[in-house]
>>> print(open('protein-v8.cif').read())   # mmCIF, C-alpha atoms and all ligand atoms
data_query
loop_
_atom_site.label_atom_id
_atom_site.label_comp_id
_atom_site.auth_asym_id
_atom_site.auth_seq_id
_atom_site.Cartn_x
_atom_site.Cartn_y
_atom_site.Cartn_z
CA MET S 168 -6.24 10.33 9.20
CA SER S 169 -3.37 12.84 8.95
CA ASP S 170 -0.86 12.86 6.07
CA ALA S 171 1.75 11.44 8.46
CA GLN S 172 -0.37 8.35 9.09
CA LYS S 173 -1.01 7.68 5.43
CA ILE S 174 2.58 8.22 4.29
CA LEU S 175 5.14 5.72 5.52
CA ILE S 176 8.75 6.89 5.20
CA ILE S 177 11.43 4.23 5.57
CA SER S 178 15.24 4.36 5.50
CA PRO S 179 17.82 1.64 4.79
CA LEU S 180 17.89 1.04 8.57
CA THR S 181 14.14 0.41 8.92
CA PRO S 182 13.44 -3.30 9.58
CA ILE S 183 11.84 -4.93 6.53
CA GLU S 184 8.16 -5.90 6.98
CA SER S 185 6.61 -8.48 4.68
CA SER S 186 3.20 -6.75 4.85
CA ARG S 187 4.45 -3.59 3.06
CA ILE S 188 3.29 -4.50 -0.42
CA LYS S 189 -0.15 -5.67 0.70
CA ASP S 190 -0.59 -2.47 2.72
CA ILE S 191 0.02 -0.34 -0.39
CA VAL S 192 -2.26 -2.47 -2.57
CA ASN S 193 -5.17 -2.21 -0.12
CA GLY S 194 -4.59 1.48 0.65
CA HIS S 195 -3.66 0.98 4.30
CA THR S 196 -0.42 2.77 3.33
CA MET S 197 -1.34 5.45 0.80
CA LEU S 198 2.29 6.15 -0.05
CA LEU S 199 5.51 4.36 0.85
CA VAL S 200 8.62 6.56 0.60
CA LEU S 201 12.10 5.01 0.53
CA ARG S 202 14.39 7.83 1.64
CA GLY S 203 18.18 7.63 1.90
CA PHE S 204 18.64 4.75 -0.55
CA LEU S 205 20.13 6.87 -3.37
CA HIS S 206 22.98 9.39 -3.38
CA ASN S 207 22.34 13.03 -4.26
CA ASN S 208 25.40 13.21 -6.52
CA THR S 209 24.21 10.20 -8.53
CA MET S 210 20.81 11.88 -8.96
CA ARG S 211 22.46 15.10 -10.14
CA ALA S 212 24.58 13.20 -12.68
CA ILE S 213 21.54 11.31 -14.00
CA SER S 214 19.47 14.50 -14.31
CA ARG S 215 22.28 16.02 -16.38
CA ASP S 216 22.59 12.87 -18.52
CA VAL S 217 18.84 12.65 -19.26
CA LEU S 218 18.69 16.33 -20.22
CA ASN S 219 21.47 15.57 -22.71
CA CYS S 220 19.02 13.22 -24.48
CA HIS S 221 17.02 16.33 -25.54
CA ASP S 222 16.50 15.06 -29.11
CA ASN S 223 14.37 12.23 -27.73
CA ILE S 224 12.36 14.23 -25.20
CA THR S 225 8.80 14.67 -26.50
CA THR S 226 5.64 16.45 -25.36
CA SER S 227 2.15 14.96 -25.70
CA ASN S 228 -0.51 17.64 -25.69
CA TYR S 229 -4.01 17.20 -24.28
CA ILE S 230 -6.70 19.87 -23.86
CA ASN S 231 -5.94 20.14 -20.13
CA ALA S 232 -2.32 18.94 -19.88
CA ASN S 233 1.08 18.60 -21.54
CA LEU S 234 3.23 15.59 -20.71
CA THR S 235 6.94 15.99 -21.43
CA THR S 236 8.76 12.69 -21.31
CA LEU S 237 11.80 10.70 -22.32
CA GLY S 238 10.57 7.20 -23.14
CA PRO S 239 7.16 5.88 -24.15
CA TYR S 240 4.20 5.18 -21.88
CA LEU S 241 1.98 2.28 -22.84
CA ALA S 242 -1.31 4.08 -22.17
CA ARG S 243 -0.58 6.36 -25.11
CA TYR S 244 0.04 3.48 -27.54
CA LEU S 245 -2.73 1.05 -26.66
CA SER S 246 -4.20 1.43 -30.13
CA ASN S 247 -0.79 0.66 -31.65
CA PRO S 248 1.28 -1.52 -29.29
CA HIS S 249 3.70 -2.32 -32.13
CA GLU S 250 4.84 1.33 -32.15
CA TYR S 251 5.21 1.23 -28.37
CA PHE S 252 7.51 -1.80 -28.52
CA SER S 253 9.66 -0.44 -31.32
CA LYS S 254 10.05 2.94 -29.56
CA SER S 255 10.78 1.24 -26.22
CA GLN S 256 13.49 -0.94 -27.66
CA ALA S 257 15.07 1.85 -29.73
CA LEU S 258 15.20 4.18 -26.72
CA GLU S 259 16.66 1.57 -24.39
CA SER S 260 19.72 1.52 -26.65
CA ILE S 261 20.29 5.30 -26.37
CA TYR S 262 19.70 5.74 -22.63
CA PRO S 263 22.77 6.86 -20.68
CA GLN S 264 24.48 4.05 -18.79
CA SER S 265 23.97 6.01 -15.55
CA LEU S 266 20.19 5.69 -16.00
CA ILE S 267 20.31 1.98 -16.83
CA ASP S 268 22.51 1.31 -13.78
CA MET S 269 20.31 3.36 -11.46
CA ARG S 270 17.18 1.59 -12.69
CA ALA S 271 18.74 -1.83 -12.05
CA ASN S 272 19.68 -0.62 -8.55
CA ILE S 273 16.12 0.60 -7.93
CA TYR S 274 14.51 -2.62 -9.15
CA GLU S 275 16.77 -4.53 -6.75
CA THR S 276 16.06 -2.11 -3.87
CA LEU S 277 12.31 -2.48 -4.43
CA ARG S 278 12.57 -6.24 -4.75
CA ARG S 279 14.30 -6.41 -1.38
CA GLU S 280 12.24 -3.76 0.46
CA LEU S 281 8.90 -5.07 -0.83
CA VAL S 282 9.98 -8.64 -0.06
CA LEU S 283 9.53 -9.90 -3.63
CA ASN S 284 11.25 -12.99 -4.99
CA CYS S 285 11.61 -11.48 -8.41
CA LEU S 286 11.14 -8.17 -10.21
CA LYS S 287 12.03 -7.76 -13.87
CA THR S 288 11.01 -5.74 -16.92
CA ALA S 289 7.80 -7.05 -18.51
CA PHE S 290 8.15 -9.11 -21.68
CA GLU S 291 5.61 -9.51 -24.48
CA PRO S 292 5.86 -12.79 -26.45
CA GLY S 293 6.48 -11.92 -30.10
CA SER S 294 7.20 -8.24 -29.37
CA GLY S 295 9.99 -8.26 -26.78
CA ASN S 296 10.63 -6.12 -23.73
CA TYR S 297 8.36 -3.36 -22.53
CA SER S 298 9.90 0.01 -21.71
CA GLY S 299 11.44 -0.39 -18.25
CA SER S 300 10.93 3.25 -17.19
CA ILE S 301 9.97 6.70 -18.33
CA ILE S 302 11.46 10.08 -17.40
CA ARG S 303 8.93 12.86 -16.77
CA PHE S 304 9.72 16.58 -16.80
CA HIS S 305 7.40 19.05 -15.06
CA ALA S 306 8.60 22.56 -15.76
CA ASP S 307 7.55 25.75 -13.95
CA GLY S 308 3.74 26.08 -14.03
CA ILE S 309 3.05 22.50 -15.14
CA SER S 310 0.60 20.29 -13.26
CA ASN S 311 -0.98 16.89 -13.99
CA PRO S 312 -4.74 16.50 -13.76
CA LEU S 313 -6.59 14.07 -11.55
CA HIS S 314 -6.30 10.56 -12.94
CA THR S 315 -5.89 6.89 -12.14
CA ASP S 316 -3.66 4.35 -13.89
CA ASN S 317 -5.23 0.97 -14.38
CA ILE S 318 -3.92 -1.29 -17.12
CA LEU S 319 -6.70 -3.84 -16.56
CA ARG S 320 -9.18 -1.10 -17.51
CA ASP S 321 -7.14 0.70 -20.18
CA GLY S 322 -5.67 -2.39 -21.85
CA SER S 323 -8.79 -4.53 -21.62
CA GLY S 324 -9.20 -6.66 -24.75
CA SER S 325 -5.65 -5.95 -25.97
CA GLY S 326 -4.35 -9.38 -24.95
CA LEU S 327 -1.12 -7.76 -23.71
CA ALA S 328 0.84 -9.72 -21.08
CA VAL S 329 0.58 -6.83 -18.58
CA THR S 330 -3.21 -7.17 -18.53
CA ALA S 331 -2.80 -10.54 -16.75
CA ILE S 332 -1.48 -8.93 -13.55
CA LYS S 333 -3.33 -9.14 -10.22
CA HIS S 334 -2.43 -5.68 -8.87
CA GLN S 335 -0.74 -2.54 -10.18
CA LEU S 336 1.53 -0.17 -8.23
CA SER S 337 3.21 3.01 -9.40
CA CYS S 338 6.90 3.63 -8.53
CA VAL S 339 8.53 7.02 -8.92
CA VAL S 340 12.09 8.20 -8.29
CA CYS S 341 12.78 11.90 -7.81
CA LEU S 342 15.87 12.88 -9.81
CA GLN S 343 15.44 16.62 -9.31
CA GLU S 344 13.04 18.33 -6.93
CA CYS S 345 11.24 21.52 -7.87
CA THR S 346 11.62 24.72 -5.87
CA GLN S 347 8.02 24.74 -4.64
CA GLY S 348 4.70 23.08 -5.42
CA GLY S 349 4.85 19.89 -7.49
CA ARG S 350 3.20 17.95 -4.71
CA LEU S 351 1.72 14.55 -5.44
CA ARG S 352 -1.83 14.51 -4.06
CA ILE S 353 -3.34 11.06 -3.55
CA HIS S 354 -7.04 10.78 -2.78
CA GLN S 355 -8.59 8.06 -0.67
CA LYS S 356 -10.85 7.08 -3.51
CA THR S 357 -10.39 4.36 -6.09
CA TRP S 358 -11.65 4.29 -9.65
CA GLU S 359 -14.84 2.41 -10.45
CA PRO S 360 -16.53 1.93 -13.84
CA SER S 361 -19.35 4.36 -12.98
CA HIS S 362 -16.73 7.16 -12.81
CA GLU S 363 -16.31 7.12 -16.57
CA ARG S 364 -19.06 9.73 -16.65
CA PHE S 365 -16.52 12.16 -15.12
CA LYS S 366 -14.23 11.91 -18.14
CA VAL S 367 -14.15 14.62 -20.79
CA LYS S 368 -13.27 13.60 -24.34
CA GLY S 369 -9.78 14.79 -25.36
CA GLU S 370 -8.84 15.61 -21.78
CA LEU S 371 -6.43 13.69 -19.61
CA GLY S 372 -7.94 12.27 -16.45
CA TYR S 373 -11.22 12.93 -14.67
CA ARG S 374 -13.22 15.96 -13.57
CA GLU S 375 -12.60 17.00 -9.96
CA ASP S 376 -16.21 16.23 -8.88
CA VAL S 377 -15.30 12.53 -8.91
CA ILE S 378 -13.33 12.92 -5.67
CA SER S 379 -15.64 15.36 -3.91
CA GLY S 380 -15.73 14.71 -0.17
CA SER S 381 -12.81 12.27 -0.14
CA ASN S 382 -9.69 12.67 2.02
CA ALA S 383 -6.30 13.17 0.43
CA CYS S 384 -2.64 13.26 1.40
CA ASP S 385 0.01 15.54 -0.09
CA TYR S 386 3.65 14.70 -0.55
CA TYR S 387 6.56 16.79 -1.80
CA PRO S 388 9.16 14.52 -3.43
CA ARG S 389 12.77 15.19 -2.48
CA ARG S 390 15.72 14.39 -4.69
CA GLY S 391 16.64 10.72 -4.23
CA ASP S 392 13.24 9.62 -2.85
CA ILE S 393 11.77 6.42 -4.28
CA TYR S 394 8.02 6.28 -3.70
CA VAL S 395 5.34 3.70 -4.30
CA PHE S 396 1.54 3.96 -4.29
CA ASN S 397 -1.55 2.29 -5.68
CA PRO S 398 -2.34 4.27 -8.88
CA ASN S 399 -5.96 3.12 -8.85
CA HIS S 400 -6.37 5.80 -6.18
CA TYR S 401 -7.11 9.13 -7.82
CA HIS S 402 -3.96 11.24 -7.88
CA GLN S 403 -2.66 14.45 -9.40
CA ILE S 404 0.47 16.60 -9.42
CA LEU S 405 -0.02 20.19 -8.28
CA ALA S 406 1.58 22.98 -10.30
CA VAL S 407 5.35 23.09 -10.17
CA SER S 408 7.12 26.30 -9.32
CA GLY S 409 10.77 27.10 -10.08
CA THR S 410 13.22 24.36 -11.01
CA THR S 411 11.89 21.58 -13.27
CA ARG S 412 10.68 18.51 -11.38
CA ILE S 413 12.37 15.48 -12.98
CA THR S 414 11.28 11.96 -12.07
CA MET S 415 11.70 8.43 -13.33
CA GLY S 416 8.58 6.26 -13.18
CA PHE S 417 7.39 2.77 -13.92
CA PHE S 418 4.53 0.53 -12.93
CA LEU S 419 4.88 -2.67 -10.99
CA GLY S 420 2.47 -5.45 -11.89
CA ILE S 421 2.12 -8.11 -9.22
CA VAL S 422 1.54 -11.37 -11.02
CA ASP S 423 0.80 -13.89 -8.26
CA ASP S 424 -1.66 -14.20 -5.37
CA ASP S 425 1.18 -14.35 -2.81
CA MET S 426 2.50 -10.96 -4.02
CA LYS S 427 6.02 -12.30 -4.50
CA LYS S 428 6.58 -11.78 -8.22
CA ALA S 429 6.37 -8.53 -10.13
CA ILE S 430 6.97 -7.15 -13.60
CA ALA S 431 7.80 -3.53 -14.46
CA TRP S 432 6.82 -1.36 -17.42
CA SER S 433 6.09 2.24 -18.28
O1 LIG S 501 5.34 12.05 -10.31
C1 LIG S 501 4.56 11.71 -9.45
O2 LIG S 501 4.69 12.09 -8.27
C2 LIG S 501 3.39 10.80 -9.77
C3 LIG S 501 3.33 10.41 -11.20
C4 LIG S 501 2.07 9.71 -11.58
O3 LIG S 501 1.05 10.34 -11.83
C5 LIG S 501 2.02 8.27 -11.62
O4 LIG S 501 3.02 7.61 -11.27
O5 LIG S 501 0.96 7.72 -11.97
#
>>> encode(input="protein-v8.cif", output="structure tokens")
Amino acid sequence: MSDAQKILIISPLTPIESSRIKDIVNGHTMLLVLRGFLHNNTMRAISRDVLNCHDNITTSNYINANLTTLGPYLARYLSNPHEYFSKSQALESIYPQSLIDMRANIYETLRRELVLNCLKTAFEPGSGNYSGSIIRFHADGISNPLHTDNILRDGSGSGLAVTAIKHQLSCVVCLQECTQGGRLRIHQKTWEPSHERFKVKGELGYREDVISGSNACDYYPRRGDIYVFNPNHYHQILAVSGTTRITMGFFLGIVDDDMKKAIAWS
């Protein structure tokens, strides 16, 4: 299968197909790209506004990676969800209005294009709203190691509402493209429990031998692209070159068998 066959690019004029979401879940479509739904000038303004939040941009350091972000990601706080919820709610109140408006627009676009009846930020009884998105900064030379995102695996035993979902998708919006590199590589291989032997303590993700022999597709995000994939497929971001790659991301959790209702969190 060539990259073109695995990556489906749609525009606002493409007829809506109700099978889209199922095709991403089962890997028939490795990556769905919504192109032409957002304006370049809006993306430029939001990139400027998020960089103005520099006091709240933090870097998490791992042996093999550094993640620079604005906003919390649940996977980092699974041992202390209380801290996650207090950070999420504090940050929501300082985000620029341009970001909040764009996110609402993107949720609605995804709801319509994925033929969902409802898509809203996840809510935890007793703790409140989850973080509705995260901004990620990949500066020159930065890459992200091979990993999968799977809240059923990572949050198992936590009792968190997001661990009751049926399927997880990852949604990313490109606010600023990098000059070169920065490709998202998605492998045609999904995580299974036996792969835990490919993890190295203190490192982010999995050793490359886990995907040996599997096919992959590469995609270079352009400013304004919204893209969706199944994050239980191994994926990685190749080293960025030049301008910082800035993206907004969140997960979609599909909560029903008919794939009509989804919750979002980061
Ligand atoms: O920024 C990207 O292209 C992908 C980010 C990622 O690793 C994820 O959404 O799980």
>>> closest_residue(input="protein-v8.cif", among="S:Ser337, S:Thr236, S:Thr225, S:Ser381", to="ligand LIG 501 (chain S)", atoms="only C-alpha atoms and all ligand atoms")
S:Ser337
>>> residues_near_point(input="protein-v8.cif", point="(3.9, -5.0, -33.7)", cutoff="12 Å", atoms="all atoms listed in the file", output="VMD selection string")
chain S and resid 244 to 255 291 to 295 327
>>> closest_atom_pairs(input="protein-v8.cif", of="chain S", to="ligand LIG 501 (chain S)", cutoff="9 Å", atoms="all atoms listed in the file", output="tab-separated table")
residue	atom	partner	partner_atom	distance
S:Arg303	CA	S:LIG501	O1	7.4
S:His305	CA	S:LIG501	O1	8.7
S:Asn311	CA	S:LIG501	O3	7.2
S:Pro312	CA	S:LIG501	O3	8.7
S:Leu313	CA	S:LIG501	O3	8.5
S:His314	CA	S:LIG501	O3	7.4
S:Thr315	CA	S:LIG501	O5	6.9
S:Asp316	CA	S:LIG501	O5	6.0
S:Leu336	CA	S:LIG501	O4	8.5
S:Ser337	CA	S:LIG501	O4	5.0
S:Cys338	CA	S:LIG501	O4	6.2
S:Val339	CA	S:LIG501	O4	6.0
S:Val340	CA	S:LIG501	O1	8.0
S:Cys341	CA	S:LIG501	O1	7.9
S:Gly349	CA	S:LIG501	O2	7.8
S:Arg350	CA	S:LIG501	O2	7.0
S:Leu351	CA	S:LIG501	O2	4.8
S:Arg352	CA	S:LIG501	O2	8.1
S:Tyr386	CA	S:LIG501	O2	8.2
S:Tyr387	CA	S:LIG501	O2	8.2
S:Pro388	CA	S:LIG501	O2	7.0
S:Tyr394	CA	S:LIG501	O2	8.1
S:Val395	CA	S:LIG501	O4	8.3
S:Phe396	CA	S:LIG501	O4	8.0
S:Asn397	CA	S:LIG501	O5	8.7
S:Pro398	CA	S:LIG501	O5	5.7
S:Asn399	CA	S:LIG501	O5	8.9
S:His402	CA	S:LIG501	O3	6.4
S:Gln403	CA	S:LIG501	O3	6.0
S:Ile404	CA	S:LIG501	O2	6.3
S:Arg412	CA	S:LIG501	O1	8.4
S:Ile413	CA	S:LIG501	O1	8.3
S:Thr414	CA	S:LIG501	O1	6.2
S:Met415	CA	S:LIG501	O1	7.9
S:Gly416	CA	S:LIG501	O4	6.0
S:Phe417	CA	S:LIG501	O4	7.0
S:Phe418	CA	S:LIG501	O4	7.4
>>> closest_residue(input="protein-v8.cif", among="S:Ser265, S:Thr235, S:Asn228, S:Gln355", to="S:Thr196", atoms="all atoms listed in the file")
S:Gln355
>>> atom_distance(input="protein-v8.cif", atom1="atom CA of S:Leu234", atom2="atom CA of S:Phe304")
7.6 Å
>>> closest_residue(input="protein-v8.cif", among="S:Ala406, S:Leu266, S:Val377, S:Ile421", to="S:Gln335", atoms="all atoms listed in the file")
S:Ile421
>>> closest_atom_pairs(input="protein-v8.cif", of="stretch 284-371 of chain S", to="stretch 203-224 of chain S", cutoff="9 Å", atoms="all atoms listed in the file", output="tab-separated table")
residue	atom	partner	partner_atom	distance
S:Ile302	CA	S:Val217	CA	8.0
S:Cys341	CA	S:Met210	CA	8.1
S:Leu342	CA	S:Met210	CA	5.1
S:Gln343	CA	S:Ser214	CA	6.8
>>> residues_around(input="protein-v8.cif", residues="S:His334", least_positions_apart="3", cutoff="12 Å", atoms="all atoms listed in the file", output="MDAnalysis selection string")
chainID S and resid 188:189 191:193 316:320 329:331 337 396:399 418:431
>>> write_last_selection(input="protein-v8.cif", atoms="C-alpha atoms", output="PDB file, in the coordinates of the input")
ATOM      1  CA  ILE S 188       3.290  -4.500  -0.420  1.00  0.00           C
ATOM      2  CA  LYS S 189      -0.150  -5.670   0.700  1.00  0.00           C
ATOM      3  CA  ILE S 191       0.020  -0.340  -0.390  1.00  0.00           C
ATOM      4  CA  VAL S 192      -2.260  -2.470  -2.570  1.00  0.00           C
ATOM      5  CA  ASN S 193      -5.170  -2.210  -0.120  1.00  0.00           C
ATOM      6  CA  ASP S 316      -3.660   4.350 -13.890  1.00  0.00           C
ATOM      7  CA  ASN S 317      -5.230   0.970 -14.380  1.00  0.00           C
ATOM      8  CA  ILE S 318      -3.920  -1.290 -17.120  1.00  0.00           C
ATOM      9  CA  LEU S 319      -6.700  -3.840 -16.560  1.00  0.00           C
ATOM     10  CA  ARG S 320      -9.180  -1.100 -17.510  1.00  0.00           C
ATOM     11  CA  VAL S 329       0.580  -6.830 -18.580  1.00  0.00           C
ATOM     12  CA  THR S 330      -3.210  -7.170 -18.530  1.00  0.00           C
ATOM     13  CA  ALA S 331      -2.800 -10.540 -16.750  1.00  0.00           C
ATOM     14  CA  SER S 337       3.210   3.010  -9.400  1.00  0.00           C
ATOM     15  CA  PHE S 396       1.540   3.960  -4.290  1.00  0.00           C
ATOM     16  CA  ASN S 397      -1.550   2.290  -5.680  1.00  0.00           C
ATOM     17  CA  PRO S 398      -2.340   4.270  -8.880  1.00  0.00           C
ATOM     18  CA  ASN S 399      -5.960   3.120  -8.850  1.00  0.00           C
ATOM     19  CA  PHE S 418       4.530   0.530 -12.930  1.00  0.00           C
ATOM     20  CA  LEU S 419       4.880  -2.670 -10.990  1.00  0.00           C
ATOM     21  CA  GLY S 420       2.470  -5.450 -11.890  1.00  0.00           C
ATOM     22  CA  ILE S 421       2.120  -8.110  -9.220  1.00  0.00           C
ATOM     23  CA  VAL S 422       1.540 -11.370 -11.020  1.00  0.00           C
ATOM     24  CA  ASP S 423       0.800 -13.890  -8.260  1.00  0.00           C
ATOM     25  CA  ASP S 424      -1.660 -14.200  -5.370  1.00  0.00           C
ATOM     26  CA  ASP S 425       1.180 -14.350  -2.810  1.00  0.00           C
ATOM     27  CA  MET S 426       2.500 -10.960  -4.020  1.00  0.00           C
ATOM     28  CA  LYS S 427       6.020 -12.300  -4.500  1.00  0.00           C
ATOM     29  CA  LYS S 428       6.580 -11.780  -8.220  1.00  0.00           C
ATOM     30  CA  ALA S 429       6.370  -8.530 -10.130  1.00  0.00           C
ATOM     31  CA  ILE S 430       6.970  -7.150 -13.600  1.00  0.00           C
ATOM     32  CA  ALA S 431       7.800  -3.530 -14.460  1.00  0.00           C
TER      33      ALA S 431
END
>>> atom_distance(input="protein-v8.cif", atom1="atom CA of S:Cys345", atom2="atom CA of S:Arg390")
9.0 Å
>>> residues_near_point(input="protein-v8.cif", point="(-4.6, 11.6, 1.0)", cutoff="8 Å", atoms="all atoms listed in the file", output="PDB file with C-alpha atoms, keeping the file's coordinate frame")
ATOM      1  CA  ASP S 170      -0.860  12.860   6.070  1.00  0.00           C
ATOM      2  CA  LYS S 173      -1.010   7.680   5.430  1.00  0.00           C
ATOM      3  CA  MET S 197      -1.340   5.450   0.800  1.00  0.00           C
ATOM      4  CA  ARG S 352      -1.830  14.510  -4.060  1.00  0.00           C
ATOM      5  CA  ILE S 353      -3.340  11.060  -3.550  1.00  0.00           C
ATOM      6  CA  HIS S 354      -7.040  10.780  -2.780  1.00  0.00           C
ATOM      7  CA  GLN S 355      -8.590   8.060  -0.670  1.00  0.00           C
ATOM      8  CA  ASN S 382      -9.690  12.670   2.020  1.00  0.00           C
ATOM      9  CA  ALA S 383      -6.300  13.170   0.430  1.00  0.00           C
ATOM     10  CA  CYS S 384      -2.640  13.260   1.400  1.00  0.00           C
ATOM     11  CA  ASP S 385       0.010  15.540  -0.090  1.00  0.00           C
TER      12      ASP S 385
END
>>> atom_distance(input="protein-v8.cif", atom1="atom CA of S:Ser323", atom2="atom CA of S:Leu241")
12.8 Å
>>> closest_residue(input="protein-v8.cif", among="S:Ile301, S:Tyr262, S:Lys356, S:Trp432", to="S:Leu286", atoms="all atoms listed in the file")
S:Trp432
>>> residues_around(input="protein-v8.cif", residues="S:Lys368", least_positions_apart="3", cutoff="10 Å", atoms="all atoms listed in the file", output="number ranges by chain")
S: 229-230, 365, 371-373
>>> write_last_selection(input="protein-v8.cif", atoms="C-alpha atoms", output="PDB file, keeping the file's coordinate frame")
ATOM      1  CA  TYR S 229      -4.010  17.200 -24.280  1.00  0.00           C
ATOM      2  CA  ILE S 230      -6.700  19.870 -23.860  1.00  0.00           C
ATOM      3  CA  PHE S 365     -16.520  12.160 -15.120  1.00  0.00           C
ATOM      4  CA  LEU S 371      -6.430  13.690 -19.610  1.00  0.00           C
ATOM      5  CA  GLY S 372      -7.940  12.270 -16.450  1.00  0.00           C
ATOM      6  CA  TYR S 373     -11.220  12.930 -14.670  1.00  0.00           C
TER       7      TYR S 373
END
>>> closest_residue(input="protein-v8.cif", among="S:Glu280, S:Glu363, S:Glu344, S:Asp376", to="S:Gly391", atoms="all atoms listed in the file")
S:Glu344
>>> closest_residue(input="protein-v8.cif", among="S:Ser300, S:Val200, S:Glu359, S:Ile309", to="S:Met269", atoms="only C-alpha atoms")
S:Ser300
>>> decode(input="protein-v8.cif", residues="stretch 373-423 of chain S", atoms="C-alpha atoms", output="JSON list (two decimals), in the first residue's frame")
[["chain", "number", "residue", "atom", "x", "y", "z"],
["S", 373, "TYR", "CA", 9.27, 1.73, 22.64],
["S", 374, "ARG", "CA", 12.46, 0.44, 21.06],
["S", 375, "GLU", "CA", 12.41, 0.44, 17.25],
["S", 376, "ASP", "CA", 12.64, -3.39, 17.02],
["S", 377, "VAL", "CA", 8.96, -3.54, 17.95],
["S", 378, "ILE", "CA", 7.96, -2.37, 14.46],
["S", 379, "SER", "CA", 10.57, -4.28, 12.47],
["S", 380, "GLY", "CA", 9.18, -5.43, 9.13],
["S", 381, "SER", "CA", 5.97, -3.38, 9.33],
["S", 382, "ASN", "CA", 4.85, -0.87, 6.68],
["S", 383, "ALA", "CA", 4.56, 2.80, 7.51],
["S", 384, "CYS", "CA", 3.24, 6.01, 5.99],
["S", 385, "ASP", "CA", 4.80, 9.46, 6.34],
["S", 386, "TYR", "CA", 2.94, 12.73, 6.43],
["S", 387, "TYR", "CA", 4.19, 16.31, 6.56],
["S", 388, "PRO", "CA", 1.61, 18.50, 8.34],
["S", 389, "ARG", "CA", 0.84, 21.82, 6.68],
["S", 390, "ARG", "CA", -0.37, 24.88, 8.53],
["S", 391, "GLY", "CA", -4.14, 24.62, 8.98],
["S", 392, "ASP", "CA", -4.35, 20.83, 8.52],
["S", 393, "ILE", "CA", -6.50, 18.92, 11.02],
["S", 394, "TYR", "CA", -5.53, 15.25, 11.09],
["S", 395, "VAL", "CA", -6.90, 12.18, 12.82],
["S", 396, "PHE", "CA", -5.43, 8.71, 13.34],
["S", 397, "ASN", "CA", -5.65, 5.70, 15.61],
["S", 398, "PRO", "CA", -2.87, 6.27, 18.20],
["S", 399, "ASN", "CA", -2.75, 2.58, 19.07],
["S", 400, "HIS", "CA", -0.74, 2.30, 15.86],
["S", 401, "TYR", "CA", 2.93, 2.90, 16.59],
["S", 402, "HIS", "CA", 3.85, 6.43, 15.55],
["S", 403, "GLN", "CA", 6.71, 8.88, 15.87],
["S", 404, "ILE", "CA", 7.68, 12.39, 14.79],
["S", 405, "LEU", "CA", 10.88, 12.64, 12.77],
["S", 406, "ALA", "CA", 13.37, 15.38, 13.65],
["S", 407, "VAL", "CA", 12.21, 18.89, 12.89],
["S", 408, "SER", "CA", 14.40, 21.22, 10.91],
["S", 409, "GLY", "CA", 14.12, 25.02, 10.82],
["S", 410, "THR", "CA", 11.00, 26.77, 12.09],
["S", 411, "THR", "CA", 9.38, 25.31, 15.22],
["S", 412, "ARG", "CA", 6.53, 22.90, 14.49],
["S", 413, "ILE", "CA", 3.55, 24.02, 16.59],
["S", 414, "THR", "CA", 0.47, 21.83, 16.90],
["S", 415, "MET", "CA", -2.64, 21.55, 19.02],
["S", 416, "GLY", "CA", -3.65, 18.02, 19.99],
["S", 417, "PHE", "CA", -6.30, 16.13, 21.86],
["S", 418, "PHE", "CA", -7.65, 12.61, 22.01],
["S", 419, "LEU", "CA", -11.13, 11.60, 21.02],
["S", 420, "GLY", "CA", -12.71, 8.81, 23.04],
["S", 421, "ILE", "CA", -15.62, 7.12, 21.32],
["S", 422, "VAL", "CA", -18.04, 6.11, 24.04],
["S", 423, "ASP", "CA", -20.72, 4.08, 22.25]]
